[in-house]
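First the structure, in the form of structure tokens, and then the observations on it.
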Amino acid sequence: MTPRAGMLIAAGALVAGTVAVLPATPAGAGEPTPRPFPPLAWTDCATKAYPKLQCATVKAPLNHDDPAGRTVTLALTRVQHTAKTFQGPLLVNPGGPGGSGRGMAGYVAAALPAKVAAQYDVIGFDPRGVGKSEPALDCKPGHFKPVRPDSVPRGAEDERVAVERAQAFARACGEKHADVLPYIDTVSTARDLDVIRRALGAPKINYLGYSYGTYLGAVYARLHPDKVRRMALDSVVNPHGVWYEDNIAQDYAFDARHKDFMAWVARNDATYGLGTDPAAVEAAWYRMRDELRATPAGGKVGPGELEDTFLPGGYYNGYWPRLASAFAAYVNDRNAVPLTEAYARYGEADASADNGYSVYTAVQCRDAGWPRDWSVWRKDSWDVHAKAPFSTWNNAWYNAPCAFWPVDPLTPPDVRNDQVPPVLVLQATDDAATPYEGGVAMHRLLRGSSLVVEEGGENHGVTLGGNDCLDEHLATYLATGKVPRAKDDGEVDAVCASRPEPEPEPVTPPTGQQSGKRAGERSGEETGEPAGTTASRSVAVPAGASEPAEPAAAVLHGLLGHVR
């Protein structure tokens with residue numbers, strides 16, 4: 001849900017003019033006196049990967065305008081500082097909305113240079129409604145159970161079925177969570193960050209946010225500029241398009257990345273045997289999609305599930321070799337086993353994340369106005385689909401509950417800020433989930449910020465994933481507060497080269513067997529996720545796995561429109 005080129009859009013008139021200007025002053029001024037906080041009770045929740053991990057909870061008002069009323073419980077994790085020089089808490093968020101952040105504390109503390117990490121208490125958290133926070137939303141379990149109707153409607157009846165499905169989800173969410181839905185939104189979550197700050201006893205916070213986490217951070221900075229010490233925003237949401245326009249523009253970006261993948265497959269025809277013409281390879285992919293509509297692979301992978309499976313390749317090109325192998329096995333040998341295994345690894349786990357999707361819709365539908373006339377969605381989706389067919393209708397149905405949401409929308413805040421300390425903005429030029437324009441837009445809105453660009457970068461979540469240049473900028477900023485500055489007064493302050501594309505892997509005969517747990521599913525011991533939680537896709541693939549380490553937020557598909 002963030003743009004690339006061609007920001008449609010009929011809904012622009014519906015969103016324009018609804019920007020709320022938040023006061024650039026401490027949110028506590030003139031507000032009811034907040035509750036005092038007892039010291040947080042940190043307990044050991046170590047894992048094999050992160051033996052120093054601790055857990056705690058803190059209560060926040062459900063309605064921040066009524067601090068003495070009902071509360072929600074926020075689940076926190078921490079890796080405590082060890083250096084004599086203590087720079088305060090570093091709150092980390094992997095994106096979403098709906099992404100669990102508890103696993104991020106251990107990951108970030110381990111991925112940063114040891115001397116830098118040792119100076120911070122790295123704090124992960126599940127935002128309100130998410131994961132181990134309470135209450136946790138789960139509007140309609142099994143909403144993505146395969147095989148779904150084809151994303152692309154073939155007539156009025158197909159469309160009617162899909163619309164009724166979206167209406168049923170919105171209705172179920174309203175019936176099940178009517179008491180909390182009015183308070184599941186970005187501004188409320190940003191105010192939770194200040195609850196966490198006060199509970200930690202910190203005068204200011206440091207913050208590292210990915211994807212949707214960049215928007216959350218920007219909203220917090222607008223509310224509390226005097227409480228921000230340092231803030232790094234990686235893979236940035238375009239704040240001008242929250243959220244309908246951002247979603248439509250993202251459709252163009254993911255289609256472009258899918259074409260990049262098809263071109264990579266064509267360049268590696270010696271391995272995959274699908275031809276050397278990218279257009280012909282892409283045509284073969286769409287023929288595979290049509291065949292799966294008639295006969296789903298393994299009784300599970302229809303057209304919608306196929307899109308779910310290949311969508312992660314738009315977030316992270318490290319998945320391309322395995323996806324290409326599954327594609328080639330089906331097209332060349334009519335072997336569907338690798339395809340169903342790829343779905344289990346990349347599509348099914350995310351599609352079944354009921355809590356993440358429930359929070360995603362609750363936040364996005366509440367944050368801003370969406371068209372309430374379905375004919376607007378229909379026209380826009382067909383217009384975009386004509387140019388960018390890869391995931392346009394899939395994304396439309398994913399967001400369709402917002403057309404029928406049972407809670408009135410808020411007005412999105414104006415996040416422009418001339419009072420916050422220098423913010424470090426990091427952005428890849430070819431990011432599909434949060435395209436380049438978002439980073440530039442945020443940079444312009446945050447006076448004094450610094451924009452670091454990964455030229456030719458194709459992945460989402462660019463720091464702490466193996467690009468030494470980007471990681472050095474982040475580490476220097478967290479260590480010293482210094483940001484790079486362009487010598488020629490240009491808009492871009494520093495440029496890093498992108499990492500090389502992945503190497504193809506030979507197509508191996510499938511085993512036809514799967515382990516007792518879903519392919520790609522890893523235990524908390526393997527990922528470092530606190531025991532008893534679902535492993536976050538933002539955690540790097542363990543050493544020795546078949547795929548390279550992922551960027552920190554690369555495939556937490558809570559990254560805006562596509563949370564799968």
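We label chains A, B, ... in the order they appear in the structure tokens, count residues from 1 in each chain, and number ligands from 1 in the order shown.
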
Each residue of region 159-277 of chain A lying at most 9 Å from region 321-343 of chain A should get a row with its shortest atom-to-atom pair and the distance in Å to one decimal, counting only C-alpha atoms; could you produce that, ordered by chain and increasing number, as CSV?
```
residue,atom,partner,partner_atom,distance
A:Phe261,CA,A:Ala324,CA,8.7
A:Met262,CA,A:Ala324,CA,8.8
A:Val265,CA,A:Ala324,CA,6.7
A:Thr271,CA,A:Ser325,CA,8.8
A:Tyr272,CA,A:Ala328,CA,5.7
A:Gly273,CA,A:Ala328,CA,7.1
A:Leu274,CA,A:Ala328,CA,6.6
```

Item to check | All residues 9 Å or closer to Ser391 (chain A), only C-alpha atoms, same chain fewer than 4 positions away omitted, as a list in words | outcome: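 These residues fall inside the cut-off: Ser151, Asp251, Tyr252, Phe254, Asp255, Gly304, Glu307, Asp308, Leu311, His385, Asn395 and Ala396 of chain A.
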
Checklist entry - Which one is closest to Arg171 (chain A): A:Lys140, A:Arg229, A:Lys115, A:Arg102? Count only C-alpha atoms. => result A:Lys140

Item to check | For Leu53 (chain A), the nearest of the candidates A:Phe86, A:Trp393, A:Tyr212, A:Tyr107, counting only C-alpha atoms | outcome: A:Tyr107

Item to check | Counting only C-alpha atoms, the residue of A:His258, A:Lys84, A:His460, A:Arg154 that sits nearest Tyr210 (chain A) | outcome: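 Of A:His258, A:Lys84, A:His460, A:Arg154, the one nearest Tyr210 (chain A) is A:His460, counting only C-alpha atoms.
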
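A straight line drawn from CA of Gly106 (chain A) to CA of Tyr50 (chain A) is 5.7 Å long.
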
Checklist entry - Just how far from CA of Val122 (chain A) is CA of Ala46 (chain A), in Å to one decimal? => result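 Between CA of Ala46 (chain A) and CA of Val122 (chain A) the gap is 14.3 Å.
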
Item to check | Best match for closeness to Pro504 (chain A) among A:Tyr319, A:Tyr357, A:Ala433, A:Val363, counting only C-alpha atoms | outcome: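 Looking at the shortest contact to Pro504 (chain A), the residue is A:Tyr319.
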
Checklist entry - Got a sec to tell me which of region 7-197 of chain A DSSP assigns to alpha helix (DSSP H), as a PyMOL selection string? => result chain A and resi 12-15+104-111+114-117+156-177+186-197

Next on the checklist: Let's see if you can do this: from backbone DSSP, list all strand (DSSP E or B) residues in region 165-323 of chain A, as a list in words.
Outcome noted: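 The strand (DSSP E or B) residues within region 165-323 of chain A come out as Ile205, Asn206, Tyr207, Leu208, Gly209, Tyr210, Ser211, Val228, Arg229, Arg230, Met231, Ala232, Leu233, Asp234, Ser235, Val236, Ala297 and Val301 of chain A.
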
Next on the checklist: For Ala279 (chain A), find every residue with an atom within 10 Å (counting only C-alpha atoms), except residues of its own chain fewer than 5 positions away, and show them as a list in words.
Outcome noted: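 Contacts, with the query itself left out: Lys259, Met262, Ala263, Ala266, Ala284 and Trp285 of chain A.
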
Item to check | Residue nearest Gly131 (chain A) - candidates A:Gly275, A:Pro97, A:Gly213, A:Pro225, atoms counted: only C-alpha atoms | outcome: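 Nearest to Gly131 (chain A): A:Pro97.
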
Non-local contacts of region 123-125 of chain A (8 Å; only C-alpha atoms; under 2 positions in same chain excluded) as an mmCIF file with all heavy atoms, in the first residue's frame:
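The file below, selection_38.cif, is the result:
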```
data_model
loop_
_atom_site.group_PDB
_atom_site.id
_atom_site.type_symbol
_atom_site.label_atom_id
_atom_site.label_comp_id
_atom_site.auth_asym_id
_atom_site.auth_seq_id
_atom_site.Cartn_x
_atom_site.Cartn_y
_atom_site.Cartn_z
ATOM 1 N N LEU A 74 -0.263 -4.289 26.791
ATOM 2 C CA LEU A 74 0.735 -4.316 25.727
ATOM 3 C C LEU A 74 1.863 -5.253 26.133
ATOM 4 O O LEU A 74 2.407 -5.151 27.234
ATOM 5 C CB LEU A 74 1.295 -2.914 25.472
ATOM 6 C CG LEU A 74 0.267 -1.814 25.206
ATOM 7 C CD1 LEU A 74 0.958 -0.461 25.081
ATOM 8 C CD2 LEU A 74 -0.535 -2.118 23.944
ATOM 9 N N ALA A 75 2.207 -6.183 25.243
ATOM 10 C CA ALA A 75 3.264 -7.160 25.513
ATOM 11 C C ALA A 75 4.594 -6.628 24.986
ATOM 12 O O ALA A 75 4.692 -6.214 23.829
ATOM 13 C CB ALA A 75 2.930 -8.494 24.854
ATOM 14 N N LEU A 76 5.619 -6.654 25.843
ATOM 15 C CA LEU A 76 6.928 -6.097 25.517
ATOM 16 C C LEU A 76 8.006 -7.165 25.616
ATOM 17 O O LEU A 76 7.871 -8.150 26.349
ATOM 18 C CB LEU A 76 7.294 -4.967 26.482
ATOM 19 C CG LEU A 76 6.249 -3.892 26.788
ATOM 20 C CD1 LEU A 76 6.824 -2.905 27.804
ATOM 21 C CD2 LEU A 76 5.823 -3.184 25.528
ATOM 22 N N THR A 77 9.101 -6.948 24.882
ATOM 23 C CA THR A 77 10.322 -7.729 25.074
ATOM 24 C C THR A 77 11.485 -6.756 25.181
ATOM 25 O O THR A 77 11.404 -5.597 24.744
ATOM 26 C CB THR A 77 10.581 -8.702 23.909
ATOM 27 O OG1 THR A 77 10.565 -7.971 22.675
ATOM 28 C CG2 THR A 77 9.559 -9.807 23.867
ATOM 29 N N ARG A 78 12.585 -7.244 25.737
ATOM 30 C CA ARG A 78 13.750 -6.376 25.928
ATOM 31 C C ARG A 78 15.042 -7.181 25.865
ATOM 32 O O ARG A 78 15.118 -8.295 26.371
ATOM 33 C CB ARG A 78 13.667 -5.682 27.295
ATOM 34 C CG ARG A 78 14.887 -4.823 27.633
ATOM 35 C CD ARG A 78 14.743 -4.121 28.974
ATOM 36 N NE ARG A 78 14.899 -5.026 30.113
ATOM 37 C CZ ARG A 78 14.993 -4.626 31.381
ATOM 38 N NH1 ARG A 78 14.910 -3.331 31.681
ATOM 39 N NH2 ARG A 78 15.135 -5.499 32.356
ATOM 40 N N VAL A 79 16.046 -6.590 25.236
ATOM 41 C CA VAL A 79 17.429 -7.016 25.404
ATOM 42 C C VAL A 79 18.130 -5.834 26.055
ATOM 43 O O VAL A 79 18.253 -4.762 25.458
ATOM 44 C CB VAL A 79 18.097 -7.402 24.076
ATOM 45 C CG1 VAL A 79 19.578 -7.740 24.306
ATOM 46 C CG2 VAL A 79 17.379 -8.581 23.431
ATOM 47 N N PRO A 89 16.167 3.672 25.710
ATOM 48 C CA PRO A 89 15.465 2.586 25.011
ATOM 49 C C PRO A 89 15.434 2.823 23.508
ATOM 50 O O PRO A 89 15.294 3.955 23.038
ATOM 51 C CB PRO A 89 14.061 2.641 25.606
ATOM 52 C CG PRO A 89 13.876 4.074 25.984
ATOM 53 C CD PRO A 89 15.228 4.567 26.417
ATOM 54 N N LEU A 90 15.561 1.739 22.750
ATOM 55 C CA LEU A 90 15.392 1.754 21.300
ATOM 56 C C LEU A 90 14.176 0.893 20.992
ATOM 57 O O LEU A 90 14.243 -0.341 21.025
ATOM 58 C CB LEU A 90 16.633 1.201 20.604
ATOM 59 C CG LEU A 90 16.529 0.984 19.084
ATOM 60 C CD1 LEU A 90 16.276 2.309 18.361
ATOM 61 C CD2 LEU A 90 17.793 0.304 18.542
ATOM 62 N N LEU A 91 13.049 1.537 20.715
ATOM 63 C CA LEU A 91 11.828 0.814 20.365
ATOM 64 C C LEU A 91 11.896 0.423 18.901
ATOM 65 O O LEU A 91 12.269 1.252 18.045
ATOM 66 C CB LEU A 91 10.595 1.661 20.630
ATOM 67 C CG LEU A 91 10.032 1.637 22.067
ATOM 68 C CD1 LEU A 91 11.024 2.243 23.047
ATOM 69 C CD2 LEU A 91 8.711 2.376 22.133
ATOM 70 N N VAL A 92 11.546 -0.834 18.603
ATOM 71 C CA VAL A 92 11.634 -1.336 17.233
ATOM 72 C C VAL A 92 10.272 -1.879 16.813
ATOM 73 O O VAL A 92 9.565 -2.502 17.597
ATOM 74 C CB VAL A 92 12.721 -2.414 17.099
ATOM 75 C CG1 VAL A 92 14.090 -1.810 17.348
ATOM 76 C CG2 VAL A 92 12.498 -3.583 18.053
ATOM 77 N N ASN A 93 9.905 -1.617 15.562
ATOM 78 C CA ASN A 93 8.610 -2.068 15.037
ATOM 79 C C ASN A 93 8.801 -2.591 13.627
ATOM 80 O O ASN A 93 9.391 -1.906 12.790
ATOM 81 C CB ASN A 93 7.595 -0.929 15.041
ATOM 82 C CG ASN A 93 6.239 -1.385 14.524
ATOM 83 O OD1 ASN A 93 5.983 -1.334 13.326
ATOM 84 N ND2 ASN A 93 5.376 -1.836 15.414
ATOM 85 N N SER A 100 3.537 -8.542 14.641
ATOM 86 C CA SER A 100 4.063 -8.693 15.993
ATOM 87 C C SER A 100 5.493 -8.178 16.044
ATOM 88 O O SER A 100 6.306 -8.520 15.194
ATOM 89 C CB SER A 100 4.017 -10.153 16.419
ATOM 90 O OG SER A 100 4.736 -10.350 17.618
ATOM 91 N N GLY A 101 5.797 -7.377 17.056
ATOM 92 C CA GLY A 101 7.133 -6.827 17.195
ATOM 93 C C GLY A 101 7.948 -7.446 18.307
ATOM 94 O O GLY A 101 9.087 -7.019 18.546
ATOM 95 N N ARG A 102 7.414 -8.451 18.988
ATOM 96 C CA ARG A 102 8.139 -9.008 20.129
ATOM 97 C C ARG A 102 9.428 -9.700 19.695
ATOM 98 O O ARG A 102 10.425 -9.673 20.408
ATOM 99 C CB ARG A 102 7.245 -9.980 20.895
ATOM 100 C CG ARG A 102 6.040 -9.319 21.540
ATOM 101 C CD ARG A 102 5.109 -10.328 22.206
ATOM 102 N NE ARG A 102 5.677 -10.822 23.462
ATOM 103 C CZ ARG A 102 5.962 -12.104 23.696
ATOM 104 N NH1 ARG A 102 5.746 -13.010 22.744
ATOM 105 N NH2 ARG A 102 6.435 -12.481 24.862
ATOM 106 N N GLY A 103 9.424 -10.312 18.519
ATOM 107 C CA GLY A 103 10.635 -10.971 18.046
ATOM 108 C C GLY A 103 11.693 -10.020 17.551
ATOM 109 O O GLY A 103 12.844 -10.417 17.347
ATOM 110 N N MET A 104 11.334 -8.741 17.359
ATOM 111 C CA MET A 104 12.286 -7.788 16.791
ATOM 112 C C MET A 104 13.369 -7.375 17.768
ATOM 113 O O MET A 104 14.465 -6.992 17.358
ATOM 114 C CB MET A 104 11.541 -6.543 16.300
ATOM 115 C CG MET A 104 10.771 -6.742 15.018
ATOM 116 S SD MET A 104 11.817 -7.071 13.583
ATOM 117 C CE MET A 104 12.543 -5.448 13.330
ATOM 118 N N ALA A 105 13.101 -7.411 19.065
ATOM 119 C CA ALA A 105 14.099 -6.956 20.030
ATOM 120 C C ALA A 105 15.362 -7.803 19.936
ATOM 121 O O ALA A 105 16.484 -7.277 19.832
ATOM 122 C CB ALA A 105 13.528 -6.994 21.446
ATOM 123 N N ASP A 121 18.751 -0.318 25.519
ATOM 124 C CA ASP A 121 17.752 -1.329 25.829
ATOM 125 C C ASP A 121 16.886 -1.460 24.579
ATOM 126 O O ASP A 121 16.121 -0.537 24.246
ATOM 127 C CB ASP A 121 16.881 -0.916 27.018
ATOM 128 C CG ASP A 121 17.574 -1.062 28.348
ATOM 129 O OD1 ASP A 121 18.679 -1.633 28.392
ATOM 130 O OD2 ASP A 121 17.019 -0.588 29.354
ATOM 131 N N PRO A 127 1.822 -4.260 19.196
ATOM 132 C CA PRO A 127 0.879 -3.151 19.308
ATOM 133 C C PRO A 127 -0.490 -3.616 19.806
ATOM 134 O O PRO A 127 -0.799 -4.814 19.829
ATOM 135 C CB PRO A 127 0.795 -2.619 17.870
ATOM 136 C CG PRO A 127 2.073 -3.055 17.233
ATOM 137 C CD PRO A 127 2.377 -4.397 17.850
#
```

Checklist entry - Which is closest to Ala221 (chain A) among A:Asn459, A:Thr476, A:Asn399, A:Asn206, if we use only C-alpha atoms? => result A:Asn206

Checklist entry - Can you tell me how far CA of Trp243 (chain A) sits from CA of Arg165 (chain A), in Å to one decimal? => result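 Between these atoms lies a distance of 21.0 Å.
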
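Residues in contact with Leu474 (chain A) at up to 10 Å, not including ones fewer than 2 positions away on its chain and judged by only C-alpha atoms, are A:Leu112, A:Leu208, A:Ala232, A:Leu233, A:Asp234, A:Leu424, A:Val425, A:Leu426, A:Val452, A:Thr463, A:Leu464, A:Asp468, A:Cys469, A:Leu470, A:Asp471, A:Glu472, A:Thr476, A:Tyr477, A:Leu478, A:Ala479, A:Gly481, A:Lys482, A:Val483.
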
Go ahead and save the picked residues with C-alpha atoms, as a JSON list (two decimals), in the first residue's frame.
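As a result, again.json now contains:
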```json
[["chain", "number", "residue", "atom", "x", "y", "z"],
["A", 112, "LEU", "CA", 23.42, -4.25, 15.13],
["A", 208, "LEU", "CA", 13.62, 2.10, 14.48],
["A", 232, "ALA", "CA", 15.32, 5.81, 11.84],
["A", 233, "LEU", "CA", 12.62, 5.00, 9.27],
["A", 234, "ASP", "CA", 13.31, 2.15, 6.83],
["A", 424, "LEU", "CA", 17.34, 9.06, 9.24],
["A", 425, "VAL", "CA", 15.21, 7.93, 6.27],
["A", 426, "LEU", "CA", 16.35, 4.82, 4.35],
["A", 452, "VAL", "CA", 19.82, 7.51, 2.32],
["A", 463, "THR", "CA", 18.92, -2.32, 6.86],
["A", 464, "LEU", "CA", 20.26, -5.17, 8.99],
["A", 468, "ASP", "CA", 27.15, -3.00, 4.72],
["A", 469, "CYS", "CA", 26.79, 0.57, 3.43],
["A", 470, "LEU", "CA", 23.24, 0.98, 4.70],
["A", 471, "ASP", "CA", 24.04, -0.78, 7.97],
["A", 472, "GLU", "CA", 26.96, 1.57, 8.55],
["A", 476, "THR", "CA", 26.66, 5.58, 12.93],
["A", 477, "TYR", "CA", 23.36, 7.34, 13.51],
["A", 478, "LEU", "CA", 22.43, 5.23, 16.50],
["A", 479, "ALA", "CA", 25.92, 5.56, 17.95],
["A", 481, "GLY", "CA", 23.21, 10.89, 16.21],
["A", 482, "LYS", "CA", 25.01, 12.08, 13.07],
["A", 483, "VAL", "CA", 23.26, 11.86, 9.71]]
```
